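The structure under discussion appears below in the form of structure tokens.
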Amino acid sequence: MNSKRVFGRVARYGLLGALCLIFAFPLLWMVSYSLRSVALPPPVRLEFFAPPIAFENYARVLGVLPLLQYMGNSLKVVALAVPLTVLFASWTGFALAQVSRRVRVPLLALSVALLLVPAPALWVPRFLLFAQLGWIYTFAPLIAPALMGTSPFYAIMFYIAFARIPLDLYESARLDGAHPLTVWYALALPLARPTLVAVTLLSAVAYWSNFVDPLLYLRSEANYTLPVGVQILEQAIKANWPLLMAGAVLMAAPVVLLFGFTQRLFLQGQDSLVRWLR
Amino acid sequence: MTVVLAPMRNRASYRLQIHLLLVPYGLALGLLVFAPMLYTLALSFTEYDIFSPPRWIALGNFTRLLSDSLFWTALGNSLWFALGTVLLRVAGALLLALALNRDGRAIEFARAVIYLPTIMPEVAYALVWLLILNPGYGPLNLALGAVGLPQFPWLQTEFTARLSLVVMSGFELGEGFVLLLAALQTIPHELFEASALDGASRAQTFRRVIWPLLVPSLLLLAFRDTALSFYDSFAPSVITTETGPYYATFFLPNYIFNKSFGLFQYGYGSAMTVCLYLVGLLLIALQYGALKRGQASDEL
């Protein structure tokens, strides 16, 4: 009986290990291959981190294309779009938590429905709009979605967080003569800190990784962001896999590291969403 | 008098200002979503190349679509991809959430690892899969060879190329996994205990207790993944398969992109966009219907 239990334990950890290996494999292989010397022939069997470890691949890939400049552009987009996203999504959520049912219910229903609009359905008209406005030679098309809080989902997340704050608290702040923006900034946001952090992280990752918008809406090379840069890299040095993977790691590393340090926020905090759904 | 009125005025202005906070959201939605939707619909009845004003051609674009075999190929591929990824993601997320709904450091670590493919930038993810599926020295074929299984040129046949994209997208199930995990954790323990006291088996407990509570989350997930699938097919089809072989991974968004941004046929692209909306709606309606019917038969 005891050996049976030990066996069960071993089997369970084995399965868990296999699961982790499968889901981590793309990342592991990417990192491992980015450090593979370009002088080595392609592998004939599975091998991780084959010697010699070639850190110079990273320096070399930066010489192929101005990836650092593209990275700077991506950072600029993130730095502009994320605060705007948090600002407008939280304003929307804050207002939704306090307006009457008559206003709130249709707006929330609309926001949920908008989550079901396929993004490619907006490509053509948005491009024509941005072209009309003369925005396609600037970063503006990449940052524009932040004006609606990037995704109605973020507005909903803030609504759920703010709706958990008792209405009496808002009411007493109002009776003290506080301006709504003061209540929002000094009372509501600090109480919704987990949501604030989660939206910041999620939107930062989304803007950093965005590949399609710059591909569609940017017409000047100087404005290219890192995902477009890495795609061009692929066209330029096809089959030079170690350098290509180094480029991919440069793009993935900040996201994965950020995730590593904050994974609890990604993996938790959906409870209120689930309760709200019921 | 003023003593009574001041708070009233204060209250009215507060309410007004609260409503004003909704204005940016409304304006941005109007500019970035509703106006584009209407614009698409209007342009779908025109011929438009951006250089000269749109020319009204009534249903011209739609009749052209009917006889455009590449459009039907792209539409079929998109349906294939949507059904495949939604099924894989929702079923995978549900199974993983059920399996990992317990405490422990190893479990917590595994949950984070499962989220990795979801968090990866799409270009990096698509690129590494191109390497993974390489016929000669890709790790998938190397692993198959190592255990004596036949190797396969995954991206060179139509069926396996499409399947590869579905599978690689299927691994990006982190959001659904987290949502369902949360849904499971919000089920009160007493429900399980009551069900066990009634002598219910594990399968019965799942069907009677867990499943009904998961349905709202599952529906949201399936709908959302359906809408997402059109976007999610784009980067891998451009980078991993280059829409090949023989248009096997050429999807509706690829065609919209090529016609509009490559050939300046914005009217034709808009007509296809209208079809994209219709297909999305149809898929969601079908899923909703299937689930409702499933629930109805449960109650009998």
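Just remember, in the structure tokens the first chain shown is A, the second B, etc., residues are 1-based per chain, and ligands are 1-based in the order shown.
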Can you list, as a list in words, all residues belonging to range 12-79 of chain B that DSSP tags as strand (DSSP E)?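 Answer for range 12-79 of chain B, restricted to strand (DSSP E): Thr46, Glu47, Arg55 and Trp56 of chain B.
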Let's have the selection written as a PDB file, in the first residue's frame, with N, CA, C and O atoms.
```
ATOM      1  N   THR B  46     -18.605  50.120 -52.410  1.00  0.00           N
ATOM      2  CA  THR B  46     -17.890  51.018 -53.324  1.00  0.00           C
ATOM      3  C   THR B  46     -16.594  50.384 -53.815  1.00  0.00           C
ATOM      4  O   THR B  46     -16.163  49.345 -53.318  1.00  0.00           O
ATOM      5  N   GLU B  47     -16.024  51.065 -54.802  1.00  0.00           N
ATOM      6  CA  GLU B  47     -14.669  50.748 -55.235  1.00  0.00           C
ATOM      7  C   GLU B  47     -13.821  51.905 -54.734  1.00  0.00           C
ATOM      8  O   GLU B  47     -14.149  53.070 -55.008  1.00  0.00           O
ATOM      9  N   ARG B  55     -16.223  54.990 -55.399  1.00  0.00           N
ATOM     10  CA  ARG B  55     -17.211  54.941 -56.477  1.00  0.00           C
ATOM     11  C   ARG B  55     -18.244  53.882 -56.118  1.00  0.00           C
ATOM     12  O   ARG B  55     -17.902  52.731 -55.822  1.00  0.00           O
ATOM     13  N   TRP B  56     -19.510  54.268 -56.097  1.00  0.00           N
ATOM     14  CA  TRP B  56     -20.606  53.379 -55.698  1.00  0.00           C
ATOM     15  C   TRP B  56     -20.764  52.248 -56.717  1.00  0.00           C
ATOM     16  O   TRP B  56     -20.944  52.502 -57.907  1.00  0.00           O
TER      17      TRP B  56
END
```
Which chain A residues have any atom within 6 Å of an atom of chain B, and for each, what is the nearest pair of atoms with distance in Å to one decimal, counting only C-alpha atoms, rows sorted by chain and number, as a tab-separated table?
```
residue	atom	partner	partner_atom	distance
A:Cys20	CA	B:Ala110	CA	5.8
A:Phe23	CA	B:Ile114	CA	5.5
A:Pro43	CA	B:Tyr137	CA	5.9
A:Arg45	CA	B:Leu142	CA	5.4
A:Leu46	CA	B:Leu142	CA	5.9
A:Trp91	CA	B:Leu21	CA	5.7
A:Thr92	CA	B:Leu22	CA	5.3
A:Ala95	CA	B:Ile18	CA	5.4
A:Leu116	CA	B:Ala227	CA	5.3
A:Pro118	CA	B:Ala227	CA	4.8
A:Ala119	CA	B:Tyr231	CA	6.0
A:Pro120	CA	B:Pro253	CA	6.0
A:Ala121	CA	B:Thr273	CA	5.3
A:Pro125	CA	B:Pro36	CA	4.9
A:Leu147	CA	B:Ala28	CA	5.7
A:Met148	CA	B:Tyr25	CA	4.9
A:Ser209	CA	B:Pro121	CA	4.7
A:Ala248	CA	B:Ala124	CA	4.7
A:Ala252	CA	B:Pro121	CA	6.0
A:Leu267	CA	B:Val178	CA	5.7
A:Gln270	CA	B:Ala182	CA	5.8
A:Asp271	CA	B:Ala182	CA	5.1
A:Val274	CA	B:Ala183	CA	5.6
```
Nearby residues (only C-alpha atoms) at most 9 Å from Phe62 in chain B, same-chain spacing under 5 positions excluded, as an NGL selection string: :B and (44-45 or 268 or 271-272)
List every residue of range 59-210 of chain B that DSSP, applied to the backbone of this structure, places in alpha helix (DSSP H), and write the result as a PyMOL selection string. chain B and resi 60-66+69-99+105-119+122-132+139-146+158-170+174-185+189-197+202-205
Quick one: everything within 12 Å of range 186-192 of chain A, counting only C-alpha atoms, minus sequence neighbours fewer than 3 positions away in the same chain. Send it as a PyMOL selection string. chain A and resi 86-87+89-91+93-95+97-98+157-167+169-174+178-183+195-199+269
Taking 5 positions as the minimum chain separation for residues in the same chain, which residues sit within 8 Å of range 149-156 of chain B when counting only C-alpha atoms? Answer as a PyMOL selection string. chain B and resi 133-135+141-142+144+161+164+241+244-245
With distances taken over only C-alpha atoms, which of A:Leu202, A:Leu65, A:Val124, A:Val256 is nearest to Tyr217 in chain A?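 Of the candidates, the smallest distance to Tyr217 in chain A is held by A:Val124.
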